[in-house]
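S.K.: The structure under discussion is supplied below as structure tokens; questions concerning it will follow.
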Amino acid sequence: MNKLGLIVAREYLIKVKNWKFILTTLLTPLGFLVFFIVVGIIFNYQGETVYSIAVVDESGMNIQLPEEKGKLRFSPSSESMDSLRARYARDEISGIWVLPRFAGVEVQDYTSYYYSDRPVDIELESRLENLLQQEIRDHKIRLLGLEKERLEKLDTRISIDPEPVSANEKDRSAYTGKIATAIGGAMGYIIFFIIFLYGASVMRSVADEKVNRVVEVIISSARPVELMLGKILGVGLVGLTQLMIWLVLIPVIYFFGMTIAGIDVQQVQEATQPMGQQSPVDQEELLVMIREIASMNWIKIAFIFVVYFIGGYLLYASMFAAIGAATGDDINDAQSLTIFITIPILLAIYVMFQAIRLPESGLAVFASFFPFFSPVVMPALLAFDPPWWRIVVSVILLFAFCYFMVWVAGRIYRTGILMYGKKASIKEIGKWILRG
Amino acid sequence: MATVLNLRNVVKEYGPLKAVDGVSFSVPPSCIIGLLGPNGAGKTSLIRIITGITQADSGEIELNGENIYRLRDPSIGYMPEERGLYKKMKVGEQLVFLTRLRGLNKEDAYRRVVYWMKKFEIESWWNKKVEELSKGMSQKVQFIATVCHQPRLIILDEPFSGLDPINTSLIKDEILKLKSEGASILFSTHRMEQVEEMCDYIVLINRGKVVLQGEVGDVRNRYKEHLFEVRFDADFSPPSEGEFDFLPVTARHTNVRLREGQTTNHLLEYLLNAGVGIISFRELLPGFSDIFIKTVNASNDE
């Protein structure tokens, strides 16, 4: 085995055999499952308080409220305020809702009064408002002598179905854009997280060798750039291993979660949506979406995703390695230098959100060529089927820049790892790059 | 005789600082060379050039009598002053890894590591992580890592710093053994008594330049001051002026500096005639500490 291979193997094995790796690999999907369930439960939380509300209807609209709606219990009342107050004091009712006189069709603002010694929470308020609004709307329709059925005919559901102009273009459904946005966003995010997680691991590993002083022993046998690349590749392989395990593990855990624990994922998902909203997708729409997802060129997407993953990881990991080499004896003082990585990669995420909203805009085109952004932005744009030449140019630019960045990082690295003591200043790092 | 290492006019500059300034010397086979010099003299810079960690700006380096010098030649074994091992790695795996990195295949590396660990009686540490070892223990491991691949030239930067007396003598014995097996050892040190004990040659550098080099005995002779020590069995007060320059130390102990043309036999004759019993008589050779300080000061004054 050559030296690079040896270094990669060492880096890989030492990380994969570590119990921390095994633990995080196994527990992270479980952690996410627990997280989703907890989020679901939190959003599903209705509160256990039952509100029994005495309604004093003086509006003249003869409002018919249901006796029971969720946690709300309504009872029409014609008692005097004093006797209602007494009932409130005896805890028989939790609130008194007074609907004052309703002037007629012209009324645009209407105020009702809710008597209680405790503040009205947002949820109760919005529920009461919705109920009343619906009642007043019906009342107005009656007053105006309109037919409710005909009135509902005014509402039209609009959709725009994209159709190709050229004969050889495939027909897209109305969901293409939405699905592409979702998939693209997810892919951009995944790359972003991988770069951050494993790039930082490269940095720690480099700084660790330097602080341990083992680096001088190694580079008396192997070239510094071999050591640096070995580290980057080793950690990259660890990342790939972890992703593969998750790819298998996550569906398995979710399956077990659903069957054994009796957790309905659908329910959890619905619960995570804002209160009261129905899931906007019905069966038929779901089918179209599934067909749409299945019809996408997944092999192409997966291949290009991997290409950008490699490019993006190489680019940012070599920067992390250079920073690791520039730290002093305290690993923590690398933190201030990581800003040179954090800023471009955070910008890349923001640009990605704009780019998937406007995939043909100048910003999107620029970002797909700019090497600091393209690894995050371009996979996100893939689902929008950008022209081949754009992908090719973007990949060439990315890898050319990667090569340059590895070269620069190598120069910082080979000087930095032998400088013990204080962390290097920006000026010194500049000197290391320029000096032969 | 083919040399193991030959340096000619090696120069390395860091900005305005000439860390290594035209250094030339050679290392014959099967010998121990002490690389001496005050702090910051350029010892570590020079060692890093020889090991191939950094490249010289100019000058020639020959290894094993060949003109072609390869960076990171596997015939070199190097132990840096700043010791270091992977803390989380097991001793056995780590030594096999480091040995393979020096070009041995897996089986050979494994065999060599087992051999050395047995030799140091530390086979039982194979599965221990380095972080579990004491300082002395990890120094043994570090030494094995340096010599495990059977290098012909072993370079040790301050090998005895931080060693306890037991490990010092252990490493010293191993160095002498490796020498008798044909390896050459170049080590830098501050400890002059080790130079006197172990080295065949010395190279003294100051401010990046070689200020003194040669065989240990020769160097000593060059610096000898014709100074002798005499001890008596009774009090003896030598004349303060006369044939010989006495430098009395105690009543029964005096040093004598011989003048041009005087021999030790003249001195002994004179003392025997003086009627005092002589217990011991020996030449006082300059210590390397003195030589070191003298030479360095002289070169600083230049």
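Identifiers in the structure tokens: chain A, B, ... in order shown; residue index from 1 per chain; ligand index from 1 in order shown.
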Write down as a list in words the residues of stretch 56-302 of chain A whose backbone DSSP state falls under strand (DSSP E or B).

M.R.: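 Answer for stretch 56-302 of chain A restricted to strand (DSSP E or B) is Val56, Asp57, Glu68, Lys69, Leu72, Arg73, Phe74, Ser75, Pro76, Gly95, Ile96, Trp97, Val98, Leu99, Tyr113, Tyr114 and Tyr115 of chain A.
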
S.K.: Please determine the contact residues of chain B with respect to chain A at a cut-off of 7 Å, counting only C-alpha atoms, and supply them as an MDAnalysis selection string.

M.R.: chainID B and resid 51:53 72 79:80 82:86 101:102

S.K.: Within 12 Å of A:Trp246, counting only C-alpha atoms, which residues show up once you throw out same-chain ones fewer than 2 positions away? Write them as a VMD selection string, please.

M.R.: chain A and resid 22 24 to 30 32 239 to 244 248 to 254

S.K.: Atoms to include: N, CA and C atoms. Write the selected residues as a tab-separated table (two decimals), in the first residue's frame.

M.R.:
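Resulting contents of out_7.tsv:
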chain	number	residue	atom	x	y	z
A	22	ILE	N	-19.71	5.02	16.57
A	22	ILE	CA	-20.75	4.00	16.53
A	22	ILE	C	-22.01	4.52	17.21
A	24	THR	N	-22.95	7.74	17.77
A	24	THR	CA	-23.67	8.81	17.06
A	24	THR	C	-24.34	8.27	15.80
A	25	THR	N	-23.67	7.32	15.14
A	25	THR	CA	-24.27	6.77	13.93
A	25	THR	C	-25.58	6.07	14.25
A	26	LEU	N	-25.61	5.34	15.35
A	26	LEU	CA	-26.83	4.62	15.69
A	26	LEU	C	-27.88	5.53	16.31
A	27	LEU	N	-27.42	6.49	17.10
A	27	LEU	CA	-28.39	7.27	17.87
A	27	LEU	C	-28.98	8.46	17.12
A	28	THR	N	-28.25	8.97	16.13
A	28	THR	CA	-28.76	10.15	15.44
A	28	THR	C	-30.13	9.92	14.80
A	29	PRO	N	-30.32	8.82	14.03
A	29	PRO	CA	-31.65	8.61	13.46
A	29	PRO	C	-32.71	8.45	14.54
A	30	LEU	N	-32.36	7.74	15.60
A	30	LEU	CA	-33.29	7.60	16.72
A	30	LEU	C	-33.61	8.95	17.32
A	32	PHE	N	-33.53	11.81	15.84
A	32	PHE	CA	-34.44	12.55	14.96
A	32	PHE	C	-35.87	12.06	15.10
A	239	GLY	N	-17.49	9.91	6.52
A	239	GLY	CA	-18.77	10.57	6.27
A	239	GLY	C	-19.66	9.74	5.36
A	240	LEU	N	-19.07	9.22	4.28
A	240	LEU	CA	-19.85	8.40	3.36
A	240	LEU	C	-20.39	7.16	4.05
A	241	THR	N	-19.53	6.54	4.87
A	241	THR	CA	-19.96	5.35	5.61
A	241	THR	C	-21.17	5.68	6.47
A	242	GLN	N	-21.05	6.80	7.17
A	242	GLN	CA	-22.13	7.18	8.06
A	242	GLN	C	-23.43	7.43	7.28
A	243	LEU	N	-23.30	8.11	6.12
A	243	LEU	CA	-24.49	8.36	5.31
A	243	LEU	C	-25.13	7.06	4.84
A	244	MET	N	-24.28	6.12	4.41
A	244	MET	CA	-24.80	4.83	3.93
A	244	MET	C	-25.57	4.13	5.05
A	248	VAL	N	-29.77	3.22	5.30
A	248	VAL	CA	-30.43	1.94	5.59
A	248	VAL	C	-31.20	2.03	6.91
A	249	LEU	N	-30.54	2.68	7.87
A	249	LEU	CA	-31.06	2.66	9.23
A	249	LEU	C	-32.34	3.49	9.40
A	250	ILE	N	-32.38	4.64	8.73
A	250	ILE	CA	-33.51	5.53	8.96
A	250	ILE	C	-34.83	4.88	8.54
A	251	PRO	N	-34.92	4.29	7.33
A	251	PRO	CA	-36.18	3.63	6.99
A	251	PRO	C	-36.52	2.51	7.96
A	252	VAL	N	-35.48	1.76	8.38
A	252	VAL	CA	-35.73	0.65	9.30
A	252	VAL	C	-36.30	1.16	10.62
A	253	ILE	N	-35.65	2.19	11.15
A	253	ILE	CA	-36.11	2.73	12.43
A	253	ILE	C	-37.52	3.29	12.31
A	254	TYR	N	-37.78	3.96	11.19
A	254	TYR	CA	-39.12	4.54	11.02
A	254	TYR	C	-40.16	3.45	10.91

S.K.: Using atom CA of B:Gly40 and atom CA of B:Tyr201 as the two end points, give the distance in Å to one decimal.

M.R.: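 Atom CA of B:Tyr201 lies at a distance of 21.3 Å from atom CA of B:Gly40.
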
S.K.: Using only C-alpha atoms, which protein or nucleic acid residues come within 8 Å of stretch 34-38 of chain B? Drop anything in the same chain fewer than 6 positions from it, and give the result as a list in words.

M.R.: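 Result of the neighbour search: Leu186, Phe187, Ser188, Thr189, His190, Val195, Cys199, Asp200, Tyr201, Ile202, Val203, Leu204, Ile205, Asn206, Phe292 and Val296 of chain B.
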
S.K.: Taking only stretch 46-209 of chain B into account, list the residues labelled helix (DSSP H, G or I) by DSSP (computed from the backbone), as an MDAnalysis selection string.

M.R.: chainID B and resid 46:51 91:101 106:119 123:125 130:132 135:147 165:180 192:198

S.K.: Okay, now the selection with C-alpha atoms, as a PDB file, in the first residue's frame?

M.R.:
ATOM      1  CA  LEU B  46      19.691  21.309  10.061  1.00  0.00           C
ATOM      2  CA  ILE B  47      18.132  18.076  11.254  1.00  0.00           C
ATOM      3  CA  ARG B  48      14.883  18.886   9.473  1.00  0.00           C
ATOM      4  CA  ILE B  49      16.835  19.378   6.262  1.00  0.00           C
ATOM      5  CA  ILE B  50      18.630  16.049   6.605  1.00  0.00           C
ATOM      6  CA  THR B  51      15.402  14.205   7.331  1.00  0.00           C
ATOM      7  CA  VAL B  91       0.779   0.848  20.763  1.00  0.00           C
ATOM      8  CA  GLY B  92       1.059  -2.153  18.425  1.00  0.00           C
ATOM      9  CA  GLU B  93      -1.067  -0.727  15.600  1.00  0.00           C
ATOM     10  CA  GLN B  94       0.705   2.574  15.881  1.00  0.00           C
ATOM     11  CA  LEU B  95       4.181   1.104  15.572  1.00  0.00           C
ATOM     12  CA  VAL B  96       3.122  -1.065  12.624  1.00  0.00           C
ATOM     13  CA  PHE B  97       1.574   2.000  10.957  1.00  0.00           C
ATOM     14  CA  LEU B  98       4.682   4.147  11.440  1.00  0.00           C
ATOM     15  CA  THR B  99       6.961   1.354  10.260  1.00  0.00           C
ATOM     16  CA  ARG B 100       4.872   0.719   7.155  1.00  0.00           C
ATOM     17  CA  LEU B 101       4.890   4.431   6.457  1.00  0.00           C
ATOM     18  CA  LYS B 106       2.754  -5.307   6.439  1.00  0.00           C
ATOM     19  CA  GLU B 107       4.347  -8.628   7.414  1.00  0.00           C
ATOM     20  CA  ASP B 108       7.864  -7.248   7.815  1.00  0.00           C
ATOM     21  CA  ALA B 109       6.602  -4.271   9.764  1.00  0.00           C
ATOM     22  CA  TYR B 110       4.668  -6.541  12.074  1.00  0.00           C
ATOM     23  CA  ARG B 111       7.662  -8.803  12.618  1.00  0.00           C
ATOM     24  CA  ARG B 112       9.993  -5.909  13.377  1.00  0.00           C
ATOM     25  CA  VAL B 113       7.576  -4.362  15.846  1.00  0.00           C
ATOM     26  CA  VAL B 114       7.144  -7.657  17.679  1.00  0.00           C
ATOM     27  CA  TYR B 115      10.926  -8.058  17.793  1.00  0.00           C
ATOM     28  CA  TRP B 116      11.483  -4.635  19.332  1.00  0.00           C
ATOM     29  CA  MET B 117       8.623  -4.835  21.767  1.00  0.00           C
ATOM     30  CA  LYS B 118       9.976  -8.159  23.023  1.00  0.00           C
ATOM     31  CA  LYS B 119      13.434  -6.675  23.276  1.00  0.00           C
ATOM     32  CA  GLU B 123       4.832  -6.992  24.433  1.00  0.00           C
ATOM     33  CA  SER B 124       2.002  -6.739  26.926  1.00  0.00           C
ATOM     34  CA  TRP B 125       1.393  -3.123  25.892  1.00  0.00           C
ATOM     35  CA  VAL B 130      -0.751   5.560  24.099  1.00  0.00           C
ATOM     36  CA  GLU B 131      -2.736   7.875  26.368  1.00  0.00           C
ATOM     37  CA  GLU B 132      -2.706   5.120  29.007  1.00  0.00           C
ATOM     38  CA  LYS B 135       5.859   9.321  30.018  1.00  0.00           C
ATOM     39  CA  GLY B 136       8.756   6.906  30.316  1.00  0.00           C
ATOM     40  CA  MET B 137       6.751   4.149  28.663  1.00  0.00           C
ATOM     41  CA  SER B 138       5.777   6.267  25.702  1.00  0.00           C
ATOM     42  CA  GLN B 139       9.420   7.288  25.267  1.00  0.00           C
ATOM     43  CA  LYS B 140      10.322   3.660  24.764  1.00  0.00           C
ATOM     44  CA  VAL B 141       7.566   3.364  22.174  1.00  0.00           C
ATOM     45  CA  GLN B 142       8.842   6.511  20.506  1.00  0.00           C
ATOM     46  CA  PHE B 143      12.338   5.084  20.297  1.00  0.00           C
ATOM     47  CA  ILE B 144      11.067   1.871  18.743  1.00  0.00           C
ATOM     48  CA  ALA B 145       9.143   3.918  16.189  1.00  0.00           C
ATOM     49  CA  THR B 146      12.419   5.571  15.225  1.00  0.00           C
ATOM     50  CA  VAL B 147      14.569   2.488  14.739  1.00  0.00           C
ATOM     51  CA  PRO B 165      18.119   7.681  34.539  1.00  0.00           C
ATOM     52  CA  ILE B 166      16.850   4.144  33.875  1.00  0.00           C
ATOM     53  CA  ASN B 167      15.486   4.984  30.443  1.00  0.00           C
ATOM     54  CA  THR B 168      18.533   7.111  29.706  1.00  0.00           C
ATOM     55  CA  SER B 169      20.853   4.189  30.217  1.00  0.00           C
ATOM     56  CA  LEU B 170      18.504   1.885  28.316  1.00  0.00           C
ATOM     57  CA  ILE B 171      18.432   4.169  25.294  1.00  0.00           C
ATOM     58  CA  LYS B 172      22.178   4.762  25.594  1.00  0.00           C
ATOM     59  CA  ASP B 173      22.847   1.036  25.480  1.00  0.00           C
ATOM     60  CA  GLU B 174      20.572   0.638  22.483  1.00  0.00           C
ATOM     61  CA  ILE B 175      22.313   3.443  20.638  1.00  0.00           C
ATOM     62  CA  LEU B 176      25.693   1.799  21.244  1.00  0.00           C
ATOM     63  CA  LYS B 177      24.282  -1.553  20.133  1.00  0.00           C
ATOM     64  CA  LEU B 178      22.848  -0.074  16.943  1.00  0.00           C
ATOM     65  CA  LYS B 179      26.235   1.451  16.256  1.00  0.00           C
ATOM     66  CA  SER B 180      27.957  -1.901  16.677  1.00  0.00           C
ATOM     67  CA  MET B 192      28.245  17.388  27.479  1.00  0.00           C
ATOM     68  CA  GLU B 193      28.940  14.352  29.657  1.00  0.00           C
ATOM     69  CA  GLN B 194      27.013  12.282  27.097  1.00  0.00           C
ATOM     70  CA  VAL B 195      29.181  13.611  24.324  1.00  0.00           C
ATOM     71  CA  GLU B 196      32.275  12.488  26.192  1.00  0.00           C
ATOM     72  CA  GLU B 197      30.763   9.116  26.991  1.00  0.00           C
ATOM     73  CA  MET B 198      29.236   8.183  23.662  1.00  0.00           C
TER      74      MET B 198
END

S.K.: Fewer than 6 positions away in the same chain doesn't count, so skip those; otherwise give me all residues within 8 Å of B:Asn9, counting only C-alpha atoms, as a list of chain:residue names.

M.R.: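 Counting only C-alpha atoms, the residues come to B:Asp21, B:Gly22, B:Val23, B:Ser24, B:Ser58, B:Gly59, B:Glu60.
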
S.K.: Emit the selected residues as a short mmCIF file (atom, residue, chain, number, x, y, z; two decimals), in the first residue's frame, including N, CA and C atoms.

M.R.:
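Saved the output as out.cif:
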data_model
loop_
_atom_site.label_atom_id
_atom_site.label_comp_id
_atom_site.auth_asym_id
_atom_site.auth_seq_id
_atom_site.Cartn_x
_atom_site.Cartn_y
_atom_site.Cartn_z
N ASP B 21 23.95 28.06 7.72
CA ASP B 21 24.76 28.96 6.90
C ASP B 21 26.02 28.24 6.41
N GLY B 22 25.88 27.50 5.33
CA GLY B 22 27.04 26.86 4.73
C GLY B 22 27.61 25.72 5.55
N VAL B 23 26.78 24.82 5.98
CA VAL B 23 27.25 23.72 6.83
C VAL B 23 27.77 22.57 5.97
N SER B 24 28.96 22.09 6.31
CA SER B 24 29.52 20.91 5.64
C SER B 24 30.05 19.96 6.70
N SER B 58 20.19 25.91 -0.68
CA SER B 58 21.28 25.54 -1.57
C SER B 58 22.20 24.57 -0.83
N GLY B 59 23.15 24.01 -1.58
CA GLY B 59 24.06 23.05 -0.98
C GLY B 59 23.72 21.64 -1.43
N GLU B 60 24.65 20.72 -1.12
CA GLU B 60 24.45 19.34 -1.56
C GLU B 60 24.36 18.40 -0.37
#

S.K.: By how many Å are atom CA of A:Gly410 and atom CA of A:Val225 apart?

M.R.: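 Going from atom CA of A:Gly410 over to atom CA of A:Val225, I get 5.5 Å.
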
S.K.: As a JSON list (two decimals) with N, CA and C atoms, in the first residue's frame, please: the residues near A:Gly185 (cut-off 8 Å, only C-alpha atoms, same-chain neighbours under 5 positions excluded).

M.R.:
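Saved to part_30.json:
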[["chain", "number", "residue", "atom", "x", "y", "z"],
["A", 352, "MET", "N", -28.95, 29.74, -2.09],
["A", 352, "MET", "CA", -29.69, 28.57, -2.55],
["A", 352, "MET", "C", -31.20, 28.80, -2.45],
["A", 353, "PHE", "N", -31.65, 29.38, -1.34],
["A", 353, "PHE", "CA", -33.09, 29.59, -1.18],
["A", 353, "PHE", "C", -33.63, 30.52, -2.27],
["A", 356, "ILE", "N", -33.57, 28.55, -5.79],
["A", 356, "ILE", "CA", -34.63, 27.59, -6.11],
["A", 356, "ILE", "C", -35.97, 28.30, -6.28],
["A", 380, "ALA", "N", -29.21, 21.81, -5.67],
["A", 380, "ALA", "CA", -30.57, 22.28, -5.43],
["A", 380, "ALA", "C", -31.27, 22.64, -6.74]]

S.K.: Kindly give the distance, in Å, that separates atom CA of B:Val11 and atom CA of B:Asn64, rounded to a single decimal.

M.R.: 20.8 Å
